[in-house]
Structure formats: structure tokens, C-alpha cells
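**Student:** Quick one: this structure, given as C-alpha cells, is what I'll be asking you about.
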Amino acid sequence: MVSSAFLRAVIISCFCLEITSAAHVPWDITANDVLDLTYAFDNNTVYWPGTQPTFSHDLQYRGPWAAANISWLEANAYGASEHGGTHLDAPAHMYKGKWRVHQIPAKNLVGQGIRIDMSAKAAANRDALLNVADLEQWEKDNGQIPEECILFVYTGWGKYYTNRTAYLGTETNDTSKLHFPGISESAAKWIATSRKVHGVGIDTPSLDYGQMMSFRAHVTLFEKNIYGLENVANLNQLPTKGSLIHALPLKIRDGSGAPVRIVAILNTDTSLAPRLGQISWIVFLISFAIIH
């Protein structure tokens with residue numbers, strides 16, 4: 001016969017597991033809890049200089065559809081290069097044999113969001129770099145960068161997005177004249193080897209700064225199958241930590257990149273659920289030990 005004490009232990013554990021589930025998913029979401037980190041795709045979308053084709057959106061039909069007795073129908077065709085606007089760089093983009101877009105596990109596209117703020121440095125220097133000291137200072141102020149997070153670098157460059165010349169640093173397609181902030185090779189190596197993150201995003205056209213023509217930050221991150229997110233919008237509104245990120249690219253088979261819709265769920269304690277899960281098992285084991 002099962003003792004009443006054992007049943008109480010099971011009930012307590014189930015209760016804790018229920019709390020875990022409720023804490024992990026913020027069911028009661030309001031409009032103020034959702035932050036869109038994506039620019040709309042249109043004729044003004046920023047693409048890497050010289051890239052073809054850029055975004056196209058062609059009207060196919062707009063009007064009544066008499067054959068189906070439908071009062072209104074809209075249908076269009078679109079096309080674009082993979083790497084433009086708010087988009088995902090798959091690791092295969094610059095590292096042979098690593099994940100292409102369709103190979104990135106879905107779980108890696110969701111994670112805690114953290115924001116590293118280097119906007120003051122960028123305001124003083126268009127070619128500013130995120131370095132290891134910036135990352136170490138962030139951890140001193142906020143604790144260790146959590147595993148399986150999505151790390152964003154906030155440069156403040158989003159304010160220039162609608163001005164292509166200001167955003168890229170040149171009005172030409174000459175990539176040697178690009179000037180915007182980015183991530184240093186040493187910082188990328190620190191992220192890739194010292195911490196375990198799913199992806200790294202930035203509010204500029206590239207993970208690397210404009211004058212880095214060998215793309216060392218890209219290569220360093222991609223070697224570890226850490227994807228990139230570029231031209232990320234509204235990072236000025238993303239909190240330093242405490243958000244839950246969904247970064248869902250168009251699932252292009254064998255794609256080296258893809259347009260991505262990035263959404264942050266705010267006002268959620270993303271660290272609470274794992275702790276409650278541990279507590280539930282501790283309660284169960286202690287209760288089990290007591291009755292035996």
C-alpha cells in the first residue's frame with residue numbers, strides 16, 4: 001500500500017513542476033510585452049553594396065475574384081538576395097561544412113536575450129569595436145552570460161538605417177569605404193570559446209566592422225556553428241537581460257542566409273523555470289527520503 005506521506009511528496013513535486021511550466025511560458029502577453037526587432041522589407045531595404053538582386057515585390061493581382069465569389073483577393077511575388085535587411089547568416093555562409101539555414105536546430109532559434117551596449121563607443125568612433133573588456137565588464141555588472149542565449153550588440157546604428165549613406169559610411173558600392181562599428185576578432189573568439197551562445201546579433205550591416213574585409217568575427221563564430229543576425233532593429237528598446245528571443249528565418253534549404261523575423265518577449269524571468277525544475281526534484285527526493 002502506498003503511504004500517505006509518499007502521496008504528499010508526489011503531489012508537492014507535481015505542483016512544483018506545474019509552477020515550472022507556468023513560469024517558463026509567459027502566457028499572458030500584452031502588446032507592450034512584445035518587441036519587434038525586424039525592419040520591414042521594401043524598396044529601401046539595405047543590402048550589402050553590390051549585391052544583386054535586392055528586394056522586389058511585384059503585384060500579381062489585387063481586386064475582386066469573381067470565379068470564386070470572393071469580394072477581394074491580393075497576391076504578389078517577391079524575390080531577394082539572402083543577405084539583406086534584417087536577416088540571419090547561417091554558419092555555412094563563411095565556414096565550409098557548418099550548418100546551412102535549414103540545418104539550424106529550431107531550439108537554437110529561441111533563447112534568452114542579452115544586450116551588450118557599446119553605443120557610447122560607436123558615437124565617438126564610426127569604426128569602434130566590441131572587445132573582450134566590454135564583455136567582461138558586462139559580466140561584472142550583470143553576471144555571467146547565460147548558456148544558450150542570443151547575444152545582441154547594441155551600437156546605436158539603427159538610427160541611421162533609413163539613411164543608407166550614413167548607415168554604410170559611403171554612398172558608393174566600394175566596400176573599402178565602409179565605416180560602421182562591429183565585433184573584434186578577439187571578442188568573437190571569447191564568445192565562441194568561453195561561453196555557449198546560440199547566436200549573435202547586431203544593429204549594423206555586418207558582425208564585423210566596416211573596414212574588416214576578411215570577416216574574422218564571422219569566421220570565428222561560424223566555426224562553432226553560432227549564427228549571426230544583422231541589421232537588427234530597435235535594440236535601443238531591448239533590455240540588458242530578461243527577454244525571451246524568437247529569431248525565425250525563412251527556412252531555405254541549403255541557404256547561406258535568410259530574411260528573419262526577430263521578436264523579443266519582455267517582462268519575463270527566463271531564469272526562473274530551470275531553478276523551479278531543480279526545486280521540484282529536490283522536494284521530491286527529500287520527501288521520499290523522509291518517509292523511508
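Chain identifiers are assigned as A, B, and so on, following the order in which chains appear in the C-alpha cells; residues are numbered from 1 within each chain, and ligands are numbered from 1 in order of appearance.
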Considering only C-alpha atoms, return as an mmCIF file with N, CA and C atoms, in the first residue's frame whatever protein or nucleic-acid residues lie within 8 Å of Gly255 of chain A, sequence-local ones (same chain, fewer than 4 positions apart) excluded.
**Tutor:**
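The result, stored in part.cif:
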data_model
loop_
_atom_site.group_PDB
_atom_site.id
_atom_site.type_symbol
_atom_site.label_atom_id
_atom_site.label_comp_id
_atom_site.auth_asym_id
_atom_site.auth_seq_id
_atom_site.Cartn_x
_atom_site.Cartn_y
_atom_site.Cartn_z
ATOM 1 N N GLU A 82 19.729 36.654 -50.179
ATOM 2 C CA GLU A 82 19.571 36.145 -48.813
ATOM 3 C C GLU A 82 20.013 37.173 -47.763
ATOM 4 N N ALA A 90 23.665 32.050 -41.814
ATOM 5 C CA ALA A 90 23.942 30.685 -41.373
ATOM 6 C C ALA A 90 25.448 30.492 -41.256
ATOM 7 N N ARG A 100 23.780 25.037 -42.699
ATOM 8 C CA ARG A 100 23.045 25.941 -43.566
ATOM 9 C C ARG A 100 21.725 26.265 -42.873
ATOM 10 N N VAL A 101 20.942 27.157 -43.479
ATOM 11 C CA VAL A 101 19.760 27.668 -42.785
ATOM 12 C C VAL A 101 18.846 26.542 -42.309
ATOM 13 N N HIS A 102 18.521 25.598 -43.179
ATOM 14 C CA HIS A 102 17.548 24.566 -42.809
ATOM 15 C C HIS A 102 18.102 23.577 -41.789
ATOM 16 N N LYS A 251 12.870 29.331 -43.900
ATOM 17 C CA LYS A 251 13.624 28.069 -43.880
ATOM 18 C C LYS A 251 13.993 27.651 -45.299
#
**Student:** Considering only C-alpha atoms, tabulate each residue of segment 186-280 of chain A that lies at most 10 Å from segment 168-173 of chain A along with its nearest interatomic pair and the corresponding distance in Å to one decimal; arrange the rows by chain and ascending residue number and present them as a tab-separated table.
**Tutor:**
residue	atom	partner	partner_atom	distance
A:Thr204	CA	A:Leu168	CA	8.4
A:Pro205	CA	A:Leu168	CA	7.4
A:Ser206	CA	A:Leu168	CA	9.9
A:Gly210	CA	A:Leu168	CA	7.7
**Student:** Just the helix (DSSP H, G or I) stuff from segment 57-203 of chain A, please, per backbone DSSP, written as a PyMOL selection string.
**Tutor:** chain A and resi 66-68+91-93+101-103+106-109+119-124+132-142+157-160+164-168+175-177+185-194
**Student:** For a quick check of understanding, using only C-alpha atoms, which of A:Trp99, A:Phe152, A:Phe55, A:Trp190 has the smallest distance to Ile262 of chain A?
**Tutor:**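 Among A:Trp99, A:Phe152, A:Phe55, A:Trp190, it is A:Phe152 that comes nearest to Ile262 of chain A.
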**Student:** Calculate how many Å separate atom CA of Phe180 of chain A from atom CA of Ile252 of chain A, rounding to one decimal.
**Tutor:**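 Computing the Euclidean distance for atom CA of Phe180 of chain A and atom CA of Ile252 of chain A yields 28.8 Å.
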